[in-house]
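Next comes query-v9.txt, a file with compact mmCIF, C-alpha atoms and all ligand atoms.
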# COMPACT_ATOMS: atom_id res chain seq x y z
CA MET A 1 -10.47 85.37 38.67
CA ALA A 2 -14.18 85.09 39.45
CA TYR A 3 -15.27 81.55 40.17
CA SER A 4 -18.91 80.61 40.19
CA PRO A 5 -20.44 79.99 43.60
CA PHE A 6 -22.16 76.93 42.10
CA ALA A 7 -20.58 73.49 41.76
CA PRO A 8 -19.30 72.75 38.26
CA LEU A 9 -21.35 70.42 36.07
CA ILE A 10 -20.44 68.45 32.95
CA ALA A 11 -23.17 68.26 30.30
CA PRO A 12 -22.22 65.92 27.42
CA SER A 13 -23.87 66.84 24.13
CA ILE A 14 -25.38 63.75 22.54
CA LEU A 15 -24.99 65.41 19.15
CA SER A 16 -21.69 63.51 18.89
CA ALA A 17 -23.07 60.25 20.27
CA ASP A 18 -23.91 57.14 18.25
CA MET A 19 -27.43 58.04 17.14
CA ALA A 20 -28.31 54.39 16.61
CA ALA A 21 -27.77 53.73 20.30
CA LEU A 22 -28.85 56.93 22.03
CA GLY A 23 -30.31 55.32 25.16
CA ASP A 24 -27.17 53.26 25.75
CA GLU A 25 -24.97 56.27 25.04
CA CYS A 26 -26.82 58.40 27.61
CA GLU A 27 -26.57 55.69 30.25
CA SER A 28 -22.87 55.14 29.52
CA VAL A 29 -22.00 58.79 29.77
CA ILE A 30 -23.99 59.19 33.00
CA ALA A 31 -22.27 56.12 34.49
CA ALA A 32 -19.02 57.84 33.48
CA GLY A 33 -19.88 60.93 35.56
CA ALA A 34 -22.07 63.21 33.41
CA ASP A 35 -24.26 65.59 35.41
CA TRP A 36 -26.70 66.66 32.68
CA ILE A 37 -27.57 65.33 29.22
CA HIS A 38 -27.33 68.17 26.69
CA PHE A 39 -29.88 67.71 23.90
CA ASP A 40 -29.18 69.83 20.80
CA VAL A 41 -32.28 70.54 18.72
CA MET A 42 -31.59 71.87 15.21
CA ASP A 43 -34.28 72.72 12.67
CA ASN A 44 -32.43 73.30 9.36
CA HIS A 45 -33.80 76.85 9.44
CA TYR A 46 -32.26 78.73 12.36
CA VAL A 47 -29.13 76.60 11.87
CA PRO A 48 -28.09 74.61 8.78
CA ASN A 49 -28.44 71.19 10.38
CA LEU A 50 -31.26 68.90 11.52
CA THR A 51 -31.37 66.67 14.58
CA PHE A 52 -34.22 65.42 16.75
CA GLY A 53 -37.49 66.55 18.29
CA PRO A 54 -39.73 65.91 21.30
CA PRO A 55 -40.44 62.19 20.60
CA VAL A 56 -36.74 61.33 20.90
CA CYS A 57 -36.50 63.38 24.10
CA GLN A 58 -39.57 61.64 25.46
CA SER A 59 -38.11 58.17 24.84
CA LEU A 60 -34.83 59.10 26.48
CA ALA A 61 -36.56 60.77 29.42
CA LYS A 62 -38.69 57.67 29.94
CA ARG A 63 -35.67 55.38 29.89
CA LEU A 64 -33.59 57.62 32.16
CA SER A 65 -36.46 58.03 34.61
CA ASN A 66 -35.90 54.37 35.46
CA SER A 67 -32.11 54.15 35.32
CA TYR A 68 -30.96 57.65 36.34
CA PRO A 69 -33.98 59.68 37.51
CA ASN A 70 -31.86 62.54 38.86
CA VAL A 71 -30.04 63.40 35.65
CA PRO A 72 -31.78 66.28 33.86
CA ILE A 73 -32.21 66.58 30.12
CA ASP A 74 -31.03 70.04 29.10
CA VAL A 75 -32.69 71.00 25.81
CA HIS A 76 -30.90 73.57 23.64
CA LEU A 77 -33.24 74.87 20.95
CA MET A 78 -31.50 76.05 17.80
CA CYS A 79 -34.88 76.59 16.17
CA GLU A 80 -37.13 79.38 15.05
CA PRO A 81 -39.79 80.01 16.27
CA VAL A 82 -39.59 78.44 19.72
CA ASP A 83 -42.92 78.51 21.57
CA ASP A 84 -44.49 75.33 20.16
CA LEU A 85 -41.24 73.48 20.73
CA ILE A 86 -41.05 74.73 24.32
CA ARG A 87 -44.50 73.17 24.85
CA GLY A 88 -43.44 69.97 23.11
CA PHE A 89 -40.20 69.52 25.04
CA ALA A 90 -41.74 70.45 28.40
CA ASP A 91 -44.28 67.72 27.75
CA ALA A 92 -41.49 65.34 26.68
CA GLY A 93 -39.69 65.55 30.03
CA ALA A 94 -37.07 68.28 29.48
CA ALA A 95 -35.77 69.69 32.77
CA SER A 96 -34.43 72.85 31.15
CA ILE A 97 -35.02 74.53 27.81
CA THR A 98 -32.83 77.29 26.44
CA PHE A 99 -33.28 79.22 23.21
CA HIS A 100 -31.64 81.98 21.19
CA PRO A 101 -33.22 85.41 21.74
CA GLU A 102 -33.09 86.25 18.00
CA ALA A 103 -35.28 83.21 17.34
CA THR A 104 -38.43 84.41 19.07
CA ARG A 105 -40.53 87.53 18.60
CA HIS A 106 -41.27 87.80 22.31
CA VAL A 107 -38.34 86.78 24.48
CA ASP A 108 -40.03 87.55 27.79
CA ARG A 109 -43.14 85.59 26.81
CA SER A 110 -41.14 82.53 25.70
CA LEU A 111 -39.15 82.49 28.96
CA ALA A 112 -42.37 82.78 30.95
CA LEU A 113 -43.92 79.96 28.93
CA ALA A 114 -41.06 77.57 29.74
CA ARG A 115 -41.22 78.51 33.43
CA ASP A 116 -45.00 78.11 33.55
CA LEU A 117 -44.60 74.62 32.12
CA GLY A 118 -42.28 73.69 34.99
CA CYS A 119 -38.92 73.92 33.23
CA LYS A 120 -35.81 75.87 33.99
CA THR A 121 -35.05 78.22 31.14
CA GLY A 122 -32.60 80.71 29.77
CA LEU A 123 -31.09 82.46 26.81
CA VAL A 124 -28.31 81.34 24.47
CA PHE A 125 -25.87 83.90 23.12
CA ASN A 126 -24.15 83.36 19.79
CA PRO A 127 -20.57 84.59 19.50
CA ALA A 128 -21.68 87.96 18.08
CA THR A 129 -24.83 88.38 20.17
CA SER A 130 -24.75 90.96 22.94
CA LEU A 131 -25.60 90.11 26.54
CA GLU A 132 -27.75 93.24 26.43
CA TRP A 133 -30.74 90.94 25.71
CA LEU A 134 -30.59 89.86 29.35
CA LYS A 135 -31.10 93.22 30.87
CA TYR A 136 -34.86 93.24 31.37
CA VAL A 137 -35.46 89.49 31.77
CA LEU A 138 -32.97 88.47 34.43
CA ASP A 139 -35.79 87.59 36.81
CA LYS A 140 -36.94 84.86 34.39
CA VAL A 141 -33.55 83.32 33.59
CA ASP A 142 -32.05 80.19 35.23
CA ILE A 143 -29.34 79.59 32.64
CA LEU A 144 -27.17 81.99 30.70
CA GLN A 145 -25.70 79.91 27.89
CA ILE A 146 -22.75 81.23 25.94
CA MET A 147 -21.93 79.73 22.55
CA SER A 148 -18.20 79.46 22.12
CA VAL A 149 -18.70 78.25 18.52
CA ASN A 150 -21.29 79.24 15.94
CA PRO A 151 -24.28 76.94 16.49
CA GLY A 152 -25.09 74.10 14.13
CA PHE A 153 -22.29 71.55 14.34
CA GLY A 154 -20.23 69.62 16.83
CA GLY A 155 -16.47 69.38 16.63
CA GLN A 156 -15.66 73.07 15.99
CA SER A 157 -12.84 75.01 17.64
CA PHE A 158 -13.40 77.13 20.74
CA ILE A 159 -13.60 80.86 19.95
CA GLU A 160 -11.17 82.54 22.35
CA GLU A 161 -13.13 85.82 22.48
CA SER A 162 -15.79 83.90 24.40
CA LEU A 163 -13.65 84.08 27.55
CA GLY A 164 -14.18 87.82 27.90
CA LYS A 165 -17.91 87.38 27.42
CA ILE A 166 -18.04 84.66 30.08
CA ALA A 167 -16.30 87.03 32.51
CA GLU A 168 -18.82 89.74 31.62
CA ALA A 169 -21.64 87.28 32.25
CA ARG A 170 -20.10 86.30 35.61
CA ASP A 171 -20.15 89.93 36.74
CA ILE A 172 -23.80 90.31 35.77
CA ILE A 173 -24.89 87.07 37.45
CA ASP A 174 -22.86 87.65 40.62
CA THR A 175 -24.71 90.90 41.13
CA VAL A 176 -28.10 89.23 40.66
CA VAL A 177 -27.54 86.17 42.87
CA ALA A 178 -25.62 87.89 45.67
CA GLY A 179 -27.56 87.65 48.94
CA THR A 180 -30.35 85.57 47.39
CA ASP A 181 -30.97 81.83 47.10
CA ARG A 182 -31.18 82.03 43.30
CA GLU A 183 -29.04 79.74 41.18
CA ILE A 184 -28.32 81.06 37.71
CA ARG A 185 -25.90 78.91 35.76
CA ILE A 186 -23.38 80.08 33.18
CA GLU A 187 -23.25 77.29 30.63
CA VAL A 188 -20.57 77.29 27.95
CA ASP A 189 -21.25 75.37 24.76
CA GLY A 190 -18.83 74.57 21.95
CA GLY A 191 -15.24 73.43 21.65
CA VAL A 192 -14.85 72.60 25.35
CA LYS A 193 -11.94 70.18 25.84
CA ILE A 194 -9.70 68.89 28.62
CA ASP A 195 -7.03 71.42 27.68
CA ASN A 196 -9.21 74.57 27.80
CA ILE A 197 -11.85 73.77 30.44
CA ALA A 198 -9.79 75.21 33.32
CA ARG A 199 -9.55 78.59 31.56
CA ILE A 200 -13.28 78.54 30.86
CA ARG A 201 -13.97 77.89 34.56
CA GLU A 202 -11.51 80.61 35.57
CA ALA A 203 -13.41 83.04 33.36
CA GLY A 204 -16.56 82.31 35.39
CA ALA A 205 -18.45 79.38 33.82
CA ASP A 206 -19.92 76.59 35.95
CA THR A 207 -21.65 74.32 33.42
CA PHE A 208 -19.67 72.78 30.60
CA VAL A 209 -21.16 71.25 27.46
CA ALA A 210 -18.82 68.88 25.66
CA GLY A 211 -19.75 66.74 22.69
CA SER A 212 -16.88 65.58 20.51
CA ALA A 213 -14.37 65.74 23.39
CA ILE A 214 -16.29 62.99 25.18
CA PHE A 215 -18.14 60.95 22.57
CA GLY A 216 -15.11 60.93 20.27
CA GLN A 217 -13.09 59.03 22.86
CA PRO A 218 -13.10 55.33 23.76
CA ASP A 219 -13.26 55.89 27.55
CA TYR A 220 -15.91 58.46 28.58
CA ALA A 221 -15.05 58.19 32.29
CA GLN A 222 -11.43 59.03 31.66
CA VAL A 223 -12.32 62.23 29.80
CA ILE A 224 -14.93 63.32 32.35
CA ASP A 225 -12.57 62.57 35.27
CA GLU A 226 -9.83 64.62 33.65
CA MET A 227 -12.23 67.47 32.98
CA LYS A 228 -13.38 67.42 36.60
CA GLN A 229 -9.80 67.43 37.84
CA GLN A 230 -9.09 70.45 35.65
CA ILE A 231 -11.99 72.44 37.09
CA THR A 232 -11.56 71.54 40.74
CA VAL A 233 -10.67 74.75 42.49
CA GLY A 234 -8.34 74.79 45.44
C1 LIG B 1 -23.43 73.32 18.62
C2 LIG B 1 -24.08 72.61 19.78
C3 LIG B 1 -23.09 72.10 20.80
C4 LIG B 1 -22.12 71.13 20.23
C5 LIG B 1 -20.99 70.88 21.16
O1 LIG B 1 -24.40 73.90 17.84
O2 LIG B 1 -24.97 73.46 20.46
O3 LIG B 1 -23.77 71.58 21.93
O4 LIG B 1 -22.71 69.92 19.91
O5 LIG B 1 -20.12 70.00 20.51
P1 LIG B 1 -18.56 70.13 20.66
O6 LIG B 1 -18.25 69.92 22.13
O7 LIG B 1 -18.03 69.05 19.80
O8 LIG B 1 -18.17 71.50 20.22
ZN ZN B 2 -25.78 72.90 22.49
Could I get this structure in the form of structure tokens?
Amino acid sequence: MAYSPFAPLIAPSILSADMAALGDECESVIAAGADWIHFDVMDNHYVPNLTFGPPVCQSLAKRLSNSYPNVPIDVHLMCEPVDDLIRGFADAGAASITFHPEATRHVDRSLALARDLGCKTGLVFNPATSLEWLKYVLDKVDILQIMSVNPGFGGQSFIEESLGKIAEARDIIDTVVAGTDREIRIEVDGGVKIDNIARIREAGADTFVAGSAIFGQPDYAQVIDEMKQQITVG
């Protein structure tokens, strides 16, 4: 068992929130214990679904800067290409921007762009995508995001093979952060629930995206509390 040296974080995906009340939904889920707001951007090209763009992020960031200024907006780009959107979301107040390596011609350049614009950044790995993409860009990565479903929709089932990949990622990241002050997060996205989050943490993840598990329930605090209990080590 290889636990992350970093404190676990819960990042609710607003993909499953009530879109007619996004500001209220973000504030409710933060009051219920959310650490990050996960913002899923889909373009109907890289994935067969369409969500929201920088103006929606900007409105939410503006509202949260008053009510909860310390809660970052974590933008997950499921879009192709990515560079213009990295500029747009950095400008719109995103704290972190991750993207899929297959969706940009120049992975190193896109990571550097996000960093230069003041955001944390990282790569997202689809279930069949190899972690090999990381090899030469580890110095530019703050987040290693592992998809445990195929991207495009909320409410899908967790793909069990992801656990081995998370463990593989843990080994890579442990080697990089050991003896340094770097924080590289392993974020798992898709099908995370109360009844599997402990196994995902045991495999080595420290940041947990959950959409339908939280927004599908009447009491957000109850779900987040139970998730946090499940991932408390010791
Ligand atoms: C899938 C998105 C996920 C998704 C998570 O493409 O990236 O963030 O909304 O939703 P659940 O937790 O319902 O799988
Ligand atoms: Zn996502």
Box for stretch 73-86 of chain A: with edges along x, y and z, all listed atoms inside and 6 Å added on each side, what are the centre and edge lengths in Å to one decimal, as AutoDock Vina command-line options?
--center_x -37.7 --center_y 73.3 --center_z 22.6 --size_x 25.6 --size_y 25.4 --size_z 27.1
> Using all atoms listed in the file, which residues sit within 10 Å of stretch 193-199 of chain A once same-chain residues fewer than 5 positions away are excluded, as a list in words?
Replying inline: Met1, Ser157, Phe158, Glu160, Leu163, Val188, Gly204, Ala205, Phe208, Val209, Ala210, Gly211, Ser212, Ala213, Ile214, Val223, Ile224, Asp225, Glu226, Met227, Lys228, Gln229, Gln230, Ile231, Thr232 and Val233 of chain A
>> Counting all atoms listed in the file, find residues at most 7 Å from (-25.0, 69.6, 26.5) (file frame) and give them as a ChimeraX atom specification.
In response: /A:11-13,37-39,74,209-210
>> One number please: atom CA of A:Asp219 to atom C1 of ligand LIG 1 (chain B), in Å, one decimal.
In response: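 Computing the Euclidean distance for atom CA of A:Asp219 and atom C1 of ligand LIG 1 (chain B) yields 22.1 Å.
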> Taking all atoms listed in the file into account, which of A:Phe215, A:Arg115, A:Leu123, A:Phe153 comes nearest A:Cys26?
Replying inline: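 Smallest separation from A:Cys26 among the options: A:Phe215.
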Excluding stretch 144-149 of chain A and residues on its chain fewer than 3 positions from it, collect all residues at most 10 Å away from it, counting only C-alpha atoms, and give them as a PDB file with C-alpha atoms, keeping the file's coordinate frame.
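Ended up saving to selection15.pdb:
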ATOM      1  CA  HIS A  76     -30.900  73.570  23.640  1.00  0.00           C
ATOM      2  CA  THR A  98     -32.830  77.290  26.440  1.00  0.00           C
ATOM      3  CA  PHE A  99     -33.280  79.220  23.210  1.00  0.00           C
ATOM      4  CA  HIS A 100     -31.640  81.980  21.190  1.00  0.00           C
ATOM      5  CA  THR A 121     -35.050  78.220  31.140  1.00  0.00           C
ATOM      6  CA  GLY A 122     -32.600  80.710  29.770  1.00  0.00           C
ATOM      7  CA  LEU A 123     -31.090  82.460  26.810  1.00  0.00           C
ATOM      8  CA  VAL A 124     -28.310  81.340  24.470  1.00  0.00           C
ATOM      9  CA  PHE A 125     -25.870  83.900  23.120  1.00  0.00           C
ATOM     10  CA  ASN A 126     -24.150  83.360  19.790  1.00  0.00           C
ATOM     11  CA  PRO A 127     -20.570  84.590  19.500  1.00  0.00           C
ATOM     12  CA  ALA A 128     -21.680  87.960  18.080  1.00  0.00           C
ATOM     13  CA  THR A 129     -24.830  88.380  20.170  1.00  0.00           C
ATOM     14  CA  LEU A 131     -25.600  90.110  26.540  1.00  0.00           C
ATOM     15  CA  LEU A 134     -30.590  89.860  29.350  1.00  0.00           C
ATOM     16  CA  LEU A 138     -32.970  88.470  34.430  1.00  0.00           C
ATOM     17  CA  VAL A 141     -33.550  83.320  33.590  1.00  0.00           C
ATOM     18  CA  GLY A 152     -25.090  74.100  14.130  1.00  0.00           C
ATOM     19  CA  PHE A 153     -22.290  71.550  14.340  1.00  0.00           C
ATOM     20  CA  GLY A 154     -20.230  69.620  16.830  1.00  0.00           C
ATOM     21  CA  GLY A 155     -16.470  69.380  16.630  1.00  0.00           C
ATOM     22  CA  GLN A 156     -15.660  73.070  15.990  1.00  0.00           C
ATOM     23  CA  SER A 157     -12.840  75.010  17.640  1.00  0.00           C
ATOM     24  CA  PHE A 158     -13.400  77.130  20.740  1.00  0.00           C
ATOM     25  CA  ILE A 159     -13.600  80.860  19.950  1.00  0.00           C
ATOM     26  CA  GLU A 160     -11.170  82.540  22.350  1.00  0.00           C
ATOM     27  CA  GLU A 161     -13.130  85.820  22.480  1.00  0.00           C
ATOM     28  CA  SER A 162     -15.790  83.900  24.400  1.00  0.00           C
ATOM     29  CA  LEU A 163     -13.650  84.080  27.550  1.00  0.00           C
ATOM     30  CA  LYS A 165     -17.910  87.380  27.420  1.00  0.00           C
ATOM     31  CA  ILE A 166     -18.040  84.660  30.080  1.00  0.00           C
ATOM     32  CA  ALA A 169     -21.640  87.280  32.250  1.00  0.00           C
ATOM     33  CA  ARG A 170     -20.100  86.300  35.610  1.00  0.00           C
ATOM     34  CA  ILE A 173     -24.890  87.070  37.450  1.00  0.00           C
ATOM     35  CA  ILE A 184     -28.320  81.060  37.710  1.00  0.00           C
ATOM     36  CA  ARG A 185     -25.900  78.910  35.760  1.00  0.00           C
ATOM     37  CA  ILE A 186     -23.380  80.080  33.180  1.00  0.00           C
ATOM     38  CA  GLU A 187     -23.250  77.290  30.630  1.00  0.00           C
ATOM     39  CA  VAL A 188     -20.570  77.290  27.950  1.00  0.00           C
ATOM     40  CA  ASP A 189     -21.250  75.370  24.760  1.00  0.00           C
ATOM     41  CA  GLY A 190     -18.830  74.570  21.950  1.00  0.00           C
ATOM     42  CA  GLY A 191     -15.240  73.430  21.650  1.00  0.00           C
ATOM     43  CA  VAL A 192     -14.850  72.600  25.350  1.00  0.00           C
ATOM     44  CA  ALA A 205     -18.450  79.380  33.820  1.00  0.00           C
ATOM     45  CA  THR A 207     -21.650  74.320  33.420  1.00  0.00           C
ATOM     46  CA  PHE A 208     -19.670  72.780  30.600  1.00  0.00           C
ATOM     47  CA  VAL A 209     -21.160  71.250  27.460  1.00  0.00           C
TER      48      VAL A 209
END
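For the choices A:Ala103, A:Ala221, A:Ala95, A:Leu77, the atom-to-atom distance to ligand LIG 1 (chain B) is smallest for A:Leu77 when using all atoms listed in the file.
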>> I'd like the interatomic distance between atom CA of A:Gly88 and atom CA of A:Asp35, to a tenth of an Å.
In response: 23.2 Å
>> Between A:Val75, A:Leu64, A:Val47, A:Ala17, which residue has the minimum interatomic distance to ligand ZN 2 (chain B), considering only C-alpha atoms and all ligand atoms?
In response: A:Val75
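What separates atom CA of A:Gly164 from atom C5 of ligand LIG 1 (chain B) is a distance of 19.5 Å.
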> Looking at all atoms listed in the file, which of A:Leu15, A:Arg87, A:Val176, A:Ile200 is the one that sits closest to ligand LIG 1 (chain B)?
Replying inline: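 Distance minimum relative to ligand LIG 1 (chain B) lands on A:Leu15.
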>> Which residue is closest to A:Ser28? Choose from A:Pro81, A:Pro48, A:Phe6, A:Tyr68 and count all atoms listed in the file.
In response: A:Tyr68
>> Excluding A:Leu50 and its own-chain neighbours fewer than 4 positions away, which residues fall within 12 Å of it when counting all atoms listed in the file? Please give them as number ranges by chain.
In response: A: 15, 40-46, 77-79, 151-153
> For A:Gly93, which residue among A:Lys120, A:Cys57, A:Glu80, A:Val71 is the nearest when counting all atoms listed in the file?
Replying inline: A:Cys57
>> Please list as JSON, numbers by chain every residue within 12 Å of A:Asp116, counting all atoms listed in the file and excluding residues in the same chain fewer than 2 positions away.
In response: {"A": [86, 87, 90, 91, 109, 110, 111, 112, 113, 114, 118, 119, 120, 121, 140]}
With C-alpha atoms retained, could you export that selection as a PDB file, in the frame of the given file?
ATOM      1  CA  ILE A  86     -41.050  74.730  24.320  1.00  0.00           C
ATOM      2  CA  ARG A  87     -44.500  73.170  24.850  1.00  0.00           C
ATOM      3  CA  ALA A  90     -41.740  70.450  28.400  1.00  0.00           C
ATOM      4  CA  ASP A  91     -44.280  67.720  27.750  1.00  0.00           C
ATOM      5  CA  ARG A 109     -43.140  85.590  26.810  1.00  0.00           C
ATOM      6  CA  SER A 110     -41.140  82.530  25.700  1.00  0.00           C
ATOM      7  CA  LEU A 111     -39.150  82.490  28.960  1.00  0.00           C
ATOM      8  CA  ALA A 112     -42.370  82.780  30.950  1.00  0.00           C
ATOM      9  CA  LEU A 113     -43.920  79.960  28.930  1.00  0.00           C
ATOM     10  CA  ALA A 114     -41.060  77.570  29.740  1.00  0.00           C
ATOM     11  CA  GLY A 118     -42.280  73.690  34.990  1.00  0.00           C
ATOM     12  CA  CYS A 119     -38.920  73.920  33.230  1.00  0.00           C
ATOM     13  CA  LYS A 120     -35.810  75.870  33.990  1.00  0.00           C
ATOM     14  CA  THR A 121     -35.050  78.220  31.140  1.00  0.00           C
ATOM     15  CA  LYS A 140     -36.940  84.860  34.390  1.00  0.00           C
TER      16      LYS A 140
END
> Near A:Glu183, counting only C-alpha atoms, which residues have an atom at most 9 Å away, once you skip same-chain residues fewer than 6 positions from it, shown as a PyMOL selection string?
Replying inline: chain A and resi 5-6+142-143+177
